[in-house]
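A quick write-up on the structure given underneath.
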Amino acid sequence: MNYAMALDYQNCINCKACEVACKEENGVQLGADKQRIWVGVVEGTIFGKPFANLYPSQCNHCIDAPCVSVCPTNASHFAEGGIVKVDPHKCILCKGCMEACPYDARFVDDTMVAVDKCTFCDHRSLEAGGTTACQATCPTKVRLFGDLDDENSDLVKLLKTKRFFFQKEYTNTLPKLFYILPDDEAYAKQSVSHDTIIHTWEDIKPLYEEAKNRRSKEWKK
Amino acid sequence: MVARKVDPMPAWRDEDYVKVPEGKFKFVTGRHAQFTQSSTVNNIMLLELMHENYLWINDKEAEKLGIEFGDTIEVTSRVGQVRIKAYPTPKIVPQTVFYIHGFGAKSEGMTFAHRNGASDNEIIEDTIEPVHGCANMHDTLVTLRRV
Ligand code: SF4
Ligand code: SF4
Ligand code: SF4
């Protein structure tokens, strides 16, 4: 098992149903800066014409997760299938992981007195037929949670037919949020930067498999 | 309807179009995916996503008027006056201002939403569309003043 998520971000309408569903499902602390999940908005103008790009996001559950390496108490750890989690009882709030994460995916939950982050809803998504709260609630079906090791999963089937990219790939953490490149070329050009590397399943699969074999000894069963 | 001199099919009538005189703005309103009708106004989960509404104004026009993000603006129509913070943006055309419906509740019973920004109901004029009988929400002229 190697859990990951694809995001068909071109369908995002910034309704933020996923943000609310995540808070409800996981009892995340209230407060606008207490988010396991968010929609990144990039706005601007091209020759005077305004545009907005939306990048729904959350923890990347990186294979080479710096937040795990940096944690002095092993509170941050790999759970089943490479899901990156925090054990709140071991967390001493040194906040090293928050500094280490290139995606700003972590925050302090004052009610738990610990760092909190996305869990890929492993309490419900790993059950047969289950999925994450954010995927279940999205009206435009942006998210697809699945297992990279299962060639027959909807996730791998999708990745085989589409091209995709990662956010901040240059930080080399081997992130597992796969952003699906829009088929519409004009929209793809508008929403992907010049130096973003576009991947296919064939080119990325060996790298991710090798990394999984290297790191999965640390993954809890 | 014809007997009552109402077009049974919608037709454009130049004389019904509200032109915007120099120095005034047309106020338009609208809704979010998050805030729709009355039941969403005081919902704390939704207010996390947006806790206050802002006045959209064309960025170039705002610059000319010396209006910056977060400035308090007094918006005055023939029927009312509100205060709201400014949000200059290229996403709106000149001579038009906008803020989202469902904010700035007058009632203190709306514990989270009481006066969180401005209410559009307080400035929209009461004119009625003759065919479907709804209020004309986008025909109100307003003036702006930075305070
Ligand atoms: S629920 Fe879906 S469409 Fe709405 S903000 Fe989240 S990802 Fe975007
Ligand atoms: S996105 Fe951040 S919190 Fe999530 S695994 Fe990667 S480094 Fe850790
Ligand atoms: S997978 Fe669950 S915890 Fe993670 S962002 Fe989605 S709803 Fe929140």
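Residues in the structure tokens are numbered from 1 in each chain, the chains being A, B, ... in the order shown, and ligands are numbered from 1 in the order shown.
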
Return as a Markdown table the residues of chain B lying at most 9 Å from chain A, together with the closest atom-to-atom pair for each and the distance in Å to one decimal, counting only C-alpha atoms, with rows in chain order and ascending residue number.
```
| residue | atom | partner | partner_atom | distance |
| --- | --- | --- | --- | --- |
| B:His32 | CA | A:Cys15 | CA | 7.8 |
| B:Ala33 | CA | A:Cys15 | CA | 5.2 |
| B:Gln34 | CA | A:Cys15 | CA | 6.3 |
| B:Ile44 | CA | A:Leu30 | CA | 8.7 |
| B:Met45 | CA | A:Val20 | CA | 6.6 |
| B:Leu46 | CA | A:Val20 | CA | 7.4 |
| B:Leu47 | CA | A:Ala32 | CA | 8.9 |
| B:Glu48 | CA | A:Ala32 | CA | 5.2 |
| B:Leu49 | CA | A:Ala32 | CA | 6.6 |
| B:Met50 | CA | A:Ala32 | CA | 8.5 |
| B:Thr89 | CA | A:Pro50 | CA | 9.0 |
| B:Pro90 | CA | A:Pro50 | CA | 6.1 |
| B:Lys91 | CA | A:Pro50 | CA | 5.8 |
```

Pick out the residues no farther than 8 Å from ligand 2, counting only C-alpha atoms and all ligand atoms, and list them as a list in words.
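Using only C-alpha atoms and all ligand atoms, everything at most 8 Å from ligand 2 comes to Gln58, Cys59, Asn60, His61, Cys62, Ile63, Asp64, Ala65, Pro66, Cys67, Val68, Ile83, Val84, Cys97, Met98, Ala100, Cys101, Pro102, Tyr103, Asp104, Ala105, Arg106, Lys117, Cys118, Thr173 and Pro175 of chain A.
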
For the contact check between chain A and ligand 1, emit one row per residue of chain A within 12 Å, containing the shortest atom pair and the distance in Å rounded to one decimal, counting only C-alpha atoms and all ligand atoms, chain then rising number order, as a tab-separated table.
```
residue	atom	partner	partner_atom_place_in_ligand_line	distance
A:Ala6	CA	ligand 1	7 (S)	11.1
A:Leu7	CA	ligand 1	7 (S)	8.0
A:Asp8	CA	ligand 1	7 (S)	8.5
A:Tyr9	CA	ligand 1	7 (S)	7.1
A:Gln10	CA	ligand 1	8 (Fe)	8.9
A:Asn11	CA	ligand 1	3 (S)	6.4
A:Cys12	CA	ligand 1	8 (Fe)	3.7
A:Ile13	CA	ligand 1	3 (S)	4.4
A:Asn14	CA	ligand 1	5 (S)	3.8
A:Cys15	CA	ligand 1	4 (Fe)	4.0
A:Lys16	CA	ligand 1	5 (S)	3.6
A:Ala17	CA	ligand 1	1 (S)	4.2
A:Cys18	CA	ligand 1	1 (S)	4.0
A:Glu19	CA	ligand 1	6 (Fe)	6.5
A:Val20	CA	ligand 1	1 (S)	8.6
A:Ala21	CA	ligand 1	1 (S)	8.4
A:Cys22	CA	ligand 1	6 (Fe)	9.9
A:Ile37	CA	ligand 1	6 (Fe)	8.7
A:Trp38	CA	ligand 1	6 (Fe)	7.7
A:Val39	CA	ligand 1	5 (S)	6.1
A:Gly40	CA	ligand 1	5 (S)	9.5
A:Val41	CA	ligand 1	5 (S)	10.5
A:Asn53	CA	ligand 1	8 (Fe)	11.1
A:Leu54	CA	ligand 1	8 (Fe)	7.7
A:Tyr55	CA	ligand 1	8 (Fe)	7.9
A:Pro56	CA	ligand 1	7 (S)	5.2
A:Ser57	CA	ligand 1	7 (S)	8.0
A:Gln58	CA	ligand 1	7 (S)	10.4
A:Thr132	CA	ligand 1	1 (S)	11.7
A:Ala133	CA	ligand 1	1 (S)	9.7
A:Cys134	CA	ligand 1	1 (S)	6.5
A:Gln135	CA	ligand 1	2 (Fe)	7.5
A:Ala136	CA	ligand 1	1 (S)	8.8
A:Thr137	CA	ligand 1	1 (S)	6.1
A:Cys138	CA	ligand 1	1 (S)	3.7
A:Pro139	CA	ligand 1	2 (Fe)	5.9
A:Thr140	CA	ligand 1	3 (S)	5.4
A:Lys141	CA	ligand 1	2 (Fe)	6.3
A:Val142	CA	ligand 1	7 (S)	5.3
A:Arg143	CA	ligand 1	7 (S)	6.8
A:Leu144	CA	ligand 1	7 (S)	10.5
A:Tyr179	CA	ligand 1	7 (S)	11.8
```

Let me see the file: selected residues, C-alpha atoms, as a short mmCIF file (atom, residue, chain, number, x, y, z; two decimals), in the first residue's frame.
```cif
data_model
loop_
_atom_site.label_atom_id
_atom_site.label_comp_id
_atom_site.auth_asym_id
_atom_site.auth_seq_id
_atom_site.Cartn_x
_atom_site.Cartn_y
_atom_site.Cartn_z
CA ALA A 6 -4.81 12.99 -7.53
CA LEU A 7 -6.29 16.47 -7.84
CA ASP A 8 -8.13 17.52 -10.97
CA TYR A 9 -7.61 21.09 -9.89
CA GLN A 10 -9.11 22.66 -13.01
CA ASN A 11 -12.53 21.65 -11.68
CA CYS A 12 -12.13 23.47 -8.37
CA ILE A 13 -14.71 26.25 -7.92
CA ASN A 14 -13.29 27.44 -4.57
CA CYS A 15 -16.48 26.53 -2.74
CA LYS A 16 -14.43 25.34 0.25
CA ALA A 17 -16.83 22.49 1.00
CA CYS A 18 -13.71 20.35 1.46
CA GLU A 19 -12.36 22.68 4.16
CA VAL A 20 -15.60 22.57 6.11
CA ALA A 21 -16.05 18.80 5.65
CA CYS A 22 -12.51 18.20 6.93
CA ILE A 37 -6.67 21.55 3.95
CA TRP A 38 -6.96 24.75 1.95
CA VAL A 39 -7.41 26.19 -1.52
CA GLY A 40 -4.38 28.08 -2.79
CA VAL A 41 -5.46 31.07 -4.88
CA ASN A 53 -5.98 29.86 -10.55
CA LEU A 54 -7.12 27.56 -7.76
CA TYR A 55 -4.91 24.86 -6.28
CA PRO A 56 -6.73 22.84 -3.64
CA SER A 57 -4.10 21.41 -1.31
CA GLN A 58 -3.23 19.63 1.91
CA THR A 132 -11.54 10.89 2.56
CA ALA A 133 -14.06 13.51 3.72
CA CYS A 134 -12.67 16.05 1.27
CA GLN A 135 -13.10 13.70 -1.69
CA ALA A 136 -16.57 12.64 -0.58
CA THR A 137 -17.87 16.19 -0.27
CA CYS A 138 -16.38 17.87 -3.34
CA PRO A 139 -19.22 18.83 -5.72
CA THR A 140 -16.95 18.83 -8.78
CA LYS A 141 -14.97 15.67 -7.92
CA VAL A 142 -11.56 17.29 -7.72
CA ARG A 143 -9.95 14.66 -5.49
CA LEU A 144 -9.25 10.98 -5.96
CA TYR A 179 -1.97 17.62 -9.87
#
```

I'd like the neighbourhood of stretch 51-53 of chain B as a ChimeraX atom specification, where a residue qualifies if any of its atoms comes within 8 Å (using only C-alpha atoms), though same-chain residues fewer than 2 positions away should be ignored.
/B:47-49,55,84-85,99-100,103-104,113,116-118

Based on the selection just made, write all heavy atoms of those residues as a compact mmCIF listing (two decimals), in the first residue's frame.
```
# COMPACT_ATOMS: atom_id res chain seq x y z
N LEU B 47 -18.39 31.06 8.58
CA LEU B 47 -17.76 32.36 8.85
C LEU B 47 -16.24 32.24 9.00
O LEU B 47 -15.52 33.21 8.87
CB LEU B 47 -18.38 33.01 10.09
CG LEU B 47 -19.77 33.60 9.83
CD1 LEU B 47 -20.49 33.89 11.12
CD2 LEU B 47 -19.69 34.85 8.98
N GLU B 48 -15.76 31.00 9.25
CA GLU B 48 -14.32 30.78 9.27
C GLU B 48 -13.72 31.04 7.90
O GLU B 48 -12.57 31.44 7.77
CB GLU B 48 -14.03 29.31 9.57
CG GLU B 48 -14.41 28.90 10.92
CD GLU B 48 -13.30 28.13 11.57
OE1 GLU B 48 -12.58 27.42 10.88
OE2 GLU B 48 -13.17 28.27 12.77
N LEU B 49 -14.51 30.74 6.86
CA LEU B 49 -14.00 30.86 5.50
C LEU B 49 -13.97 32.33 5.07
O LEU B 49 -13.15 32.73 4.27
CB LEU B 49 -14.88 30.06 4.54
CG LEU B 49 -15.07 28.59 4.92
CD1 LEU B 49 -16.12 27.95 4.03
CD2 LEU B 49 -13.76 27.84 4.83
N LEU B 55 -15.99 45.69 0.00
CA LEU B 55 -16.51 46.40 -1.18
C LEU B 55 -15.52 46.24 -2.33
O LEU B 55 -14.39 46.74 -2.27
CB LEU B 55 -16.69 47.88 -0.85
CG LEU B 55 -17.25 48.74 -1.98
CD1 LEU B 55 -18.76 48.57 -2.08
CD2 LEU B 55 -16.89 50.20 -1.80
N ILE B 84 -18.17 50.00 5.04
CA ILE B 84 -17.58 48.72 4.68
C ILE B 84 -16.14 48.95 4.24
O ILE B 84 -15.80 50.03 3.75
CB ILE B 84 -18.42 48.03 3.57
CG1 ILE B 84 -17.83 46.66 3.19
CG2 ILE B 84 -18.57 48.91 2.33
CD1 ILE B 84 -18.73 45.84 2.29
N LYS B 85 -15.30 47.94 4.39
CA LYS B 85 -13.89 48.08 4.00
C LYS B 85 -13.72 47.84 2.49
O LYS B 85 -14.45 47.05 1.90
CB LYS B 85 -13.03 47.09 4.77
CG LYS B 85 -12.89 47.48 6.24
CD LYS B 85 -12.04 46.47 6.97
CE LYS B 85 -12.20 46.60 8.47
NZ LYS B 85 -11.99 45.32 9.14
N TYR B 99 -20.63 44.12 -3.25
CA TYR B 99 -20.27 43.31 -2.09
C TYR B 99 -21.26 42.18 -1.92
O TYR B 99 -22.37 42.23 -2.44
CB TYR B 99 -20.07 44.11 -0.80
CG TYR B 99 -21.20 44.96 -0.28
CD1 TYR B 99 -22.29 44.40 0.37
CD2 TYR B 99 -21.13 46.35 -0.37
CE1 TYR B 99 -23.30 45.19 0.89
CE2 TYR B 99 -22.14 47.15 0.15
CZ TYR B 99 -23.22 46.57 0.77
OH TYR B 99 -24.21 47.35 1.29
N ILE B 100 -20.79 41.16 -1.20
CA ILE B 100 -21.56 39.94 -1.16
C ILE B 100 -22.74 40.05 -0.19
O ILE B 100 -22.65 40.70 0.85
CB ILE B 100 -20.62 38.76 -0.86
CG1 ILE B 100 -20.68 37.80 -2.02
CG2 ILE B 100 -20.97 38.07 0.42
CD1 ILE B 100 -19.55 36.93 -2.17
N PHE B 103 -24.18 39.49 4.76
CA PHE B 103 -23.29 39.98 5.81
C PHE B 103 -23.85 41.28 6.43
O PHE B 103 -24.80 41.86 5.92
CB PHE B 103 -21.89 40.24 5.25
CG PHE B 103 -21.12 38.99 5.00
CD1 PHE B 103 -21.40 38.18 3.91
CD2 PHE B 103 -20.16 38.57 5.91
CE1 PHE B 103 -20.71 37.01 3.69
CE2 PHE B 103 -19.47 37.39 5.70
CZ PHE B 103 -19.74 36.61 4.58
N GLY B 104 -23.22 41.69 7.53
CA GLY B 104 -23.59 42.96 8.15
C GLY B 104 -24.97 42.95 8.78
O GLY B 104 -25.67 43.96 8.75
N ALA B 113 -22.68 37.19 13.28
CA ALA B 113 -22.78 37.95 12.04
C ALA B 113 -23.23 39.39 12.26
O ALA B 113 -23.41 40.13 11.31
CB ALA B 113 -23.74 37.26 11.07
N ASN B 116 -20.97 42.32 10.68
CA ASN B 116 -19.69 41.86 10.12
C ASN B 116 -19.60 42.33 8.66
O ASN B 116 -19.85 41.60 7.73
CB ASN B 116 -19.56 40.33 10.22
CG ASN B 116 -20.66 39.60 9.46
OD1 ASN B 116 -21.66 40.20 9.09
ND2 ASN B 116 -20.47 38.31 9.24
N GLY B 117 -19.31 43.59 8.48
CA GLY B 117 -19.32 44.17 7.14
C GLY B 117 -20.63 44.90 6.91
O GLY B 117 -21.21 45.43 7.85
N ALA B 118 -21.10 44.90 5.67
CA ALA B 118 -22.28 45.69 5.33
C ALA B 118 -23.38 44.81 4.75
O ALA B 118 -23.12 43.79 4.13
CB ALA B 118 -21.92 46.78 4.35
```

Could you tell me how far atom CA of B:Asp71 lies from atom CA of B:Arg146, in Å and to one decimal?
7.0 Å

So the first atom is atom CA of B:Glu15 and the second is atom CA of B:Ile123; what is the distance between them in Å, to one decimal place?
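Those two atoms sit 22.8 Å apart.
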
If you run DSSP on the backbone, which residues of chain B are strand (DSSP E or B), as a VMD selection string?
chain B and resid 25 to 30 54 to 58 72 to 76 81 to 89 96 to 100 105 114 128 135 140 to 146

Restrict the selected residues to N, CA and C atoms and save them as a compact mmCIF listing (two decimals), in the first residue's frame.
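As a result, part_11.txt now contains:
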```txt
# COMPACT_ATOMS: atom_id res chain seq x y z
N PHE B 25 -21.73 55.30 -8.75
CA PHE B 25 -21.43 53.90 -9.07
C PHE B 25 -22.71 53.10 -9.07
N LYS B 26 -22.72 52.05 -9.89
CA LYS B 26 -23.86 51.13 -9.81
C LYS B 26 -23.50 50.04 -8.81
N PHE B 27 -24.42 49.81 -7.86
CA PHE B 27 -24.17 48.76 -6.87
C PHE B 27 -24.78 47.44 -7.34
N VAL B 28 -23.94 46.40 -7.40
CA VAL B 28 -24.46 45.07 -7.70
C VAL B 28 -24.16 44.16 -6.52
N THR B 29 -24.97 43.14 -6.35
CA THR B 29 -24.78 42.22 -5.23
C THR B 29 -24.72 40.79 -5.76
N GLY B 30 -24.41 39.87 -4.90
CA GLY B 30 -24.31 38.49 -5.36
C GLY B 30 -24.08 37.55 -4.20
N TYR B 54 -16.39 42.66 1.88
CA TYR B 54 -15.62 43.82 1.44
C TYR B 54 -16.24 44.42 0.20
N LEU B 55 -15.99 45.69 0.00
CA LEU B 55 -16.51 46.40 -1.18
C LEU B 55 -15.52 46.24 -2.33
N TRP B 56 -15.94 45.54 -3.39
CA TRP B 56 -15.11 45.42 -4.58
C TRP B 56 -15.21 46.72 -5.36
N ILE B 57 -14.06 47.23 -5.77
CA ILE B 57 -14.03 48.43 -6.60
C ILE B 57 -12.87 48.27 -7.58
N ASN B 58 -13.07 48.70 -8.82
CA ASN B 58 -12.03 48.57 -9.84
C ASN B 58 -10.71 49.18 -9.34
N THR B 72 -11.96 52.28 5.17
CA THR B 72 -13.40 52.25 5.42
C THR B 72 -14.09 53.20 4.44
N ILE B 73 -15.11 52.69 3.78
CA ILE B 73 -15.83 53.46 2.77
C ILE B 73 -17.28 53.60 3.20
N GLU B 74 -17.80 54.82 3.09
CA GLU B 74 -19.22 55.03 3.34
C GLU B 74 -19.94 54.94 2.00
N VAL B 75 -20.88 54.02 1.91
CA VAL B 75 -21.63 53.82 0.67
C VAL B 75 -23.04 54.36 0.88
N THR B 76 -23.44 55.33 0.04
CA THR B 76 -24.73 55.98 0.24
C THR B 76 -25.61 55.81 -0.99
N GLN B 81 -27.45 53.99 4.00
CA GLN B 81 -26.02 54.24 4.08
C GLN B 81 -25.36 53.14 4.91
N VAL B 82 -24.23 52.63 4.41
CA VAL B 82 -23.49 51.62 5.18
C VAL B 82 -22.01 51.96 5.17
N ARG B 83 -21.27 51.32 6.06
CA ARG B 83 -19.81 51.44 6.06
C ARG B 83 -19.21 50.07 5.85
N ILE B 84 -18.17 50.00 5.04
CA ILE B 84 -17.58 48.72 4.68
C ILE B 84 -16.14 48.95 4.24
N LYS B 85 -15.30 47.94 4.39
CA LYS B 85 -13.89 48.08 4.00
C LYS B 85 -13.72 47.84 2.49
N ALA B 86 -12.72 48.49 1.90
CA ALA B 86 -12.53 48.45 0.45
C ALA B 86 -11.62 47.32 0.00
N TYR B 87 -11.92 46.76 -1.16
CA TYR B 87 -11.10 45.73 -1.79
C TYR B 87 -10.92 46.09 -3.27
N PRO B 88 -9.89 46.89 -3.60
CA PRO B 88 -9.64 47.23 -5.00
C PRO B 88 -9.14 45.99 -5.76
N THR B 89 -9.71 45.74 -6.94
CA THR B 89 -9.37 44.53 -7.70
C THR B 89 -9.64 44.74 -9.19
N THR B 96 -18.72 50.42 -11.23
CA THR B 96 -19.57 49.41 -10.60
C THR B 96 -18.91 49.00 -9.29
N VAL B 97 -19.68 48.88 -8.24
CA VAL B 97 -19.14 48.33 -6.99
C VAL B 97 -20.00 47.15 -6.57
N PHE B 98 -19.40 46.28 -5.76
CA PHE B 98 -20.05 45.02 -5.41
C PHE B 98 -19.68 44.64 -3.98
N TYR B 99 -20.63 44.12 -3.25
CA TYR B 99 -20.27 43.31 -2.09
C TYR B 99 -21.26 42.18 -1.92
N ILE B 100 -20.79 41.16 -1.20
CA ILE B 100 -21.56 39.94 -1.16
C ILE B 100 -22.74 40.05 -0.19
N ALA B 105 -25.35 41.82 9.37
CA ALA B 105 -26.70 41.71 9.94
C ALA B 105 -26.96 42.80 10.98
N HIS B 114 -23.40 39.79 13.53
CA HIS B 114 -23.85 41.14 13.78
C HIS B 114 -22.83 42.16 13.28
N ILE B 128 -39.51 47.10 -8.44
CA ILE B 128 -39.95 45.73 -8.71
C ILE B 128 -39.93 45.45 -10.21
N ALA B 135 -37.48 41.95 -6.58
CA ALA B 135 -36.84 43.26 -6.47
C ALA B 135 -35.73 43.37 -7.52
N THR B 140 -29.35 50.01 -8.27
CA THR B 140 -29.20 51.10 -7.31
C THR B 140 -27.91 51.88 -7.58
N LEU B 141 -28.04 53.21 -7.58
CA LEU B 141 -26.84 54.05 -7.73
C LEU B 141 -26.36 54.48 -6.35
N VAL B 142 -25.05 54.51 -6.19
CA VAL B 142 -24.49 54.89 -4.89
C VAL B 142 -23.35 55.89 -5.08
N THR B 143 -23.06 56.61 -4.00
CA THR B 143 -21.84 57.42 -3.97
C THR B 143 -20.93 56.83 -2.90
N LEU B 144 -19.63 57.07 -3.05
CA LEU B 144 -18.65 56.54 -2.11
C LEU B 144 -17.91 57.69 -1.43
N ARG B 145 -17.57 57.47 -0.17
CA ARG B 145 -16.77 58.45 0.54
C ARG B 145 -15.82 57.70 1.47
N ARG B 146 -14.54 58.04 1.37
CA ARG B 146 -13.57 57.40 2.26
C ARG B 146 -13.68 58.06 3.63
```

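Every protein or nucleic acid residue with an atom no more than 8 Å from A:Lys221, counting only C-alpha atoms and leaving out same-chain residues fewer than 3 positions away, appears here: Ala79, Glu80 and Gly81 of chain A.
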